[in-house]
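Worksheet for the structure shown next.
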Amino acid sequence: MTERIRKTMIYLRKSLAESPRLQRIPGQMDYRYTHSLRVAAIGAQIARADGLDEEALVLGCLLHDISYRREFLTEEEWQGHGRESAVLARTWLQSLGLLERQIEELCYGIAIHVDGEADFPGENTVLASLIGDCDKIDRYDVYRIYETLESVHFGSMKATEQLAWLQEQLPRMREYTDLTMTTPEATRLWQERARMHLQFHERLLEQLTLPGRIFYEKTE
């Protein structure tokens with residue numbers, strides 16, 4: 001770990017601790033911080049595998065959600081959190097003494113990682129694009145399965161509703177297994193997680209339909 005990365009981890013933790021919402025919900029505070037660390041770890045793995053600037057990508061990944069230091073009151077504000085994070089990241093990266101071209105590249109990647117839009121001109125380089133890729137890869141890991149099932153109240157659904165929900169989700173999940181990211185390693189990591197998501201939900205659907213099939217076959 002470089003000194004710049006160590007300082008940035010401390011800065012990230014202190015910044016997120018300022019958020020009124022994260023203060024009210026300690027679990028969200030822990031998730032937001034550890035999410036950023038996981039995104040950075042994914043960035044480090046990709047940078048090493050694909051021969052990129054590891055320190056730079058890790059710094060960009062650590063700072064991609066730094067604007068969560070405040071509370072977003074509307075969906076529109078949340079949609080802009082990448083652009084807001086870029087503003088905060090720029091000041092911090094300048095304090096670390098990075099080259100201006102590196103700062104521009106990382107800030108552009110941070111700005112566009114939510115909706116693909118930045119409020120300043122920039123180039124969507126490999127490094128810039130990977131910040132969003134790393135974020136997507138982490139958010140599509142096993143925690144997302146739990147989070148999604150909780151958000152739709154899957155456990156409270158009737159059996160028929162559960163089956164309908166799963167059948168609706170599976171076609172999109174199958175499409176996700178073929179998506180490509182910016183580099184070979186990023187693509188491998190994404191598709192590994194996408195296949196895991198698909199397999200989990202296919203097996204869940206199979207488990208929920210199995211009793212009915214057995215009963216139907218025995219009464220024929």
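Each chain in the structure tokens gets a letter, A, B and so on, in the order shown; residues start at 1 in every chain, and ligands are counted from 1 in the order they appear.
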Taking only C-alpha atoms into account, produce a table as a tab-separated table in which each residue of region 106-204 of chain A with an atom at most 12 Å from an atom of region 19-34 of chain A appears once, together with its shortest atom pair and the distance in Å to one decimal, ordered by chain and rising number.
residue	atom	partner	partner_atom	distance
A:Asp135	CA	A:Arg32	CA	11.6
A:Asp138	CA	A:Thr34	CA	10.4
A:Arg139	CA	A:Arg32	CA	11.1
A:Tyr143	CA	A:Tyr31	CA	10.1
A:Arg144	CA	A:Tyr31	CA	11.8
A:Glu147	CA	A:Tyr31	CA	11.5
I need the residues from that last selection saved to file as a short mmCIF file (atom, residue, chain, number, x, y, z; two decimals), in the first residue's frame (with all heavy atoms), if you can.
data_model
loop_
_atom_site.label_atom_id
_atom_site.label_comp_id
_atom_site.auth_asym_id
_atom_site.auth_seq_id
_atom_site.Cartn_x
_atom_site.Cartn_y
_atom_site.Cartn_z
N ASP A 135 -16.97 -0.36 -9.78
CA ASP A 135 -18.16 -0.12 -8.97
C ASP A 135 -19.26 -1.12 -9.31
O ASP A 135 -19.86 -1.73 -8.43
CB ASP A 135 -18.64 1.32 -9.20
CG ASP A 135 -19.86 1.68 -8.38
OD1 ASP A 135 -19.90 1.34 -7.19
OD2 ASP A 135 -20.78 2.30 -8.94
N ASP A 138 -18.43 -4.73 -8.04
CA ASP A 138 -18.69 -4.96 -6.61
C ASP A 138 -20.18 -4.98 -6.31
O ASP A 138 -20.65 -5.81 -5.55
CB ASP A 138 -18.02 -3.89 -5.76
CG ASP A 138 -18.30 -4.13 -4.27
OD1 ASP A 138 -17.82 -5.16 -3.76
OD2 ASP A 138 -19.02 -3.34 -3.65
N ARG A 139 -20.92 -4.06 -6.91
CA ARG A 139 -22.36 -3.98 -6.60
C ARG A 139 -23.13 -5.19 -7.13
O ARG A 139 -24.25 -5.44 -6.70
CB ARG A 139 -22.94 -2.68 -7.15
CG ARG A 139 -22.49 -1.44 -6.40
CD ARG A 139 -23.25 -0.19 -6.79
NE ARG A 139 -23.03 0.17 -8.18
CZ ARG A 139 -23.93 0.04 -9.14
NH1 ARG A 139 -25.11 -0.49 -8.89
NH2 ARG A 139 -23.66 0.41 -10.39
N TYR A 143 -23.78 -9.55 -2.12
CA TYR A 143 -24.58 -8.65 -1.28
C TYR A 143 -25.75 -8.10 -2.07
O TYR A 143 -26.82 -7.85 -1.50
CB TYR A 143 -23.71 -7.51 -0.74
CG TYR A 143 -24.40 -6.67 0.31
CD1 TYR A 143 -24.40 -7.07 1.65
CD2 TYR A 143 -25.09 -5.51 -0.02
CE1 TYR A 143 -25.05 -6.32 2.62
CE2 TYR A 143 -25.74 -4.75 0.94
CZ TYR A 143 -25.71 -5.16 2.25
OH TYR A 143 -26.36 -4.41 3.21
N ARG A 144 -25.56 -7.90 -3.38
CA ARG A 144 -26.66 -7.37 -4.19
C ARG A 144 -27.84 -8.32 -4.22
O ARG A 144 -28.99 -7.88 -4.26
CB ARG A 144 -26.15 -7.08 -5.60
CG ARG A 144 -27.24 -6.69 -6.61
CD ARG A 144 -28.10 -5.52 -6.14
NE ARG A 144 -27.33 -4.31 -5.95
CZ ARG A 144 -27.16 -3.39 -6.89
NH1 ARG A 144 -27.68 -3.56 -8.09
NH2 ARG A 144 -26.47 -2.30 -6.62
N GLU A 147 -29.60 -7.72 -0.95
CA GLU A 147 -30.16 -6.37 -0.94
C GLU A 147 -31.41 -6.30 -1.83
O GLU A 147 -32.43 -5.71 -1.46
CB GLU A 147 -29.11 -5.38 -1.43
CG GLU A 147 -29.50 -3.92 -1.33
CD GLU A 147 -28.38 -3.02 -1.80
OE1 GLU A 147 -27.92 -3.19 -2.95
OE2 GLU A 147 -27.94 -2.17 -1.02
#
DSSP alpha helix (DSSP H) selection over chain A, as an MDAnalysis selection string: chainID A and resid 3:16 20:24 26:50 54:63 75:79 81:96 100:112 126:139 142:151 159:176 184:218
Using only C-alpha atoms, what table do you get, as a tab-separated table, when you list each residue of region 103-213 of chain A with an atom no more than 10 Å from region 53-73 of chain A, its nearest pair of atoms, and their distance in Å rounded to one decimal, rows by chain then rising number?
residue	atom	partner	partner_atom	distance
A:Ile103	CA	A:Ala56	CA	8.9
A:Glu105	CA	A:Gly60	CA	9.1
A:Leu106	CA	A:Gly60	CA	5.5
A:Cys107	CA	A:Gly60	CA	7.4
A:Tyr108	CA	A:Gly60	CA	9.7
A:Gly109	CA	A:Gly60	CA	7.7
A:Ile110	CA	A:His64	CA	5.1
A:Ala111	CA	A:His64	CA	8.0
A:Ile112	CA	A:His64	CA	9.7
A:His113	CA	A:His64	CA	7.7
A:Val114	CA	A:His64	CA	9.5
A:Leu127	CA	A:Leu57	CA	6.5
A:Ala128	CA	A:Leu57	CA	8.2
A:Leu130	CA	A:Leu57	CA	7.8
A:Ile131	CA	A:Cys61	CA	5.6
A:Gly132	CA	A:Cys61	CA	8.4
A:Asp133	CA	A:Cys61	CA	9.8
A:Cys134	CA	A:Cys61	CA	7.4
A:Asp135	CA	A:Cys61	CA	7.6
Polymer residues at most 8 Å from region 181-187 of chain A, only C-alpha atoms, same-chain spacing of 4 or more positions, as a PyMOL selection string: chain A and resi 46+49-50+126+129-130+133-134+137+191
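Distance annotation: of A:Thr209, A:Thr74, A:Thr125, A:Ser85, the residue with the minimal separation from Arg101 (chain A) is A:Thr125; atom set is only C-alpha atoms.
We find CA of Met157 (chain A) and CA of Gln169 (chain A) to be spaced 15.3 Å apart.
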Of the listed residues A:Arg48, A:Arg174, A:Arg90, A:Arg38, that which approaches Arg195 (chain A) most closely, counting only C-alpha atoms: A:Arg174
Contacts of Tyr146 (chain A) within 12 Å, only C-alpha atoms, excl. fewer than 5 positions in-chain, as a ChimeraX atom specification: /A:139-141,151-155,197,200-201
With C-alpha atoms kept, could you save the residues just selected as a PDB file, in the first residue's frame?
ATOM      1  CA  ARG A 139     -22.355  -3.981  -6.595  1.00  0.00           C
ATOM      2  CA  TYR A 140     -23.213  -7.125  -8.554  1.00  0.00           C
ATOM      3  CA  ASP A 141     -21.663  -9.474  -6.023  1.00  0.00           C
ATOM      4  CA  SER A 151     -35.928  -4.401  -1.240  1.00  0.00           C
ATOM      5  CA  VAL A 152     -38.730  -6.244  -3.087  1.00  0.00           C
ATOM      6  CA  HIS A 153     -39.854  -7.973   0.156  1.00  0.00           C
ATOM      7  CA  PHE A 154     -39.367 -11.363  -1.472  1.00  0.00           C
ATOM      8  CA  GLY A 155     -39.903 -13.255   1.776  1.00  0.00           C
ATOM      9  CA  HIS A 197     -26.378 -14.296  -9.953  1.00  0.00           C
ATOM     10  CA  PHE A 200     -28.585 -18.533  -7.753  1.00  0.00           C
ATOM     11  CA  HIS A 201     -31.901 -17.314  -9.151  1.00  0.00           C
TER      12      HIS A 201
END
CA of Leu179 (chain A) to CA of Arg193 (chain A), distance in Å rounded to a single decimal: 11.2 Å
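For the atom pair formed by CA of Thr148 (chain A) and CA of Gly80 (chain A), the distance is 22.5 Å, given to one decimal.
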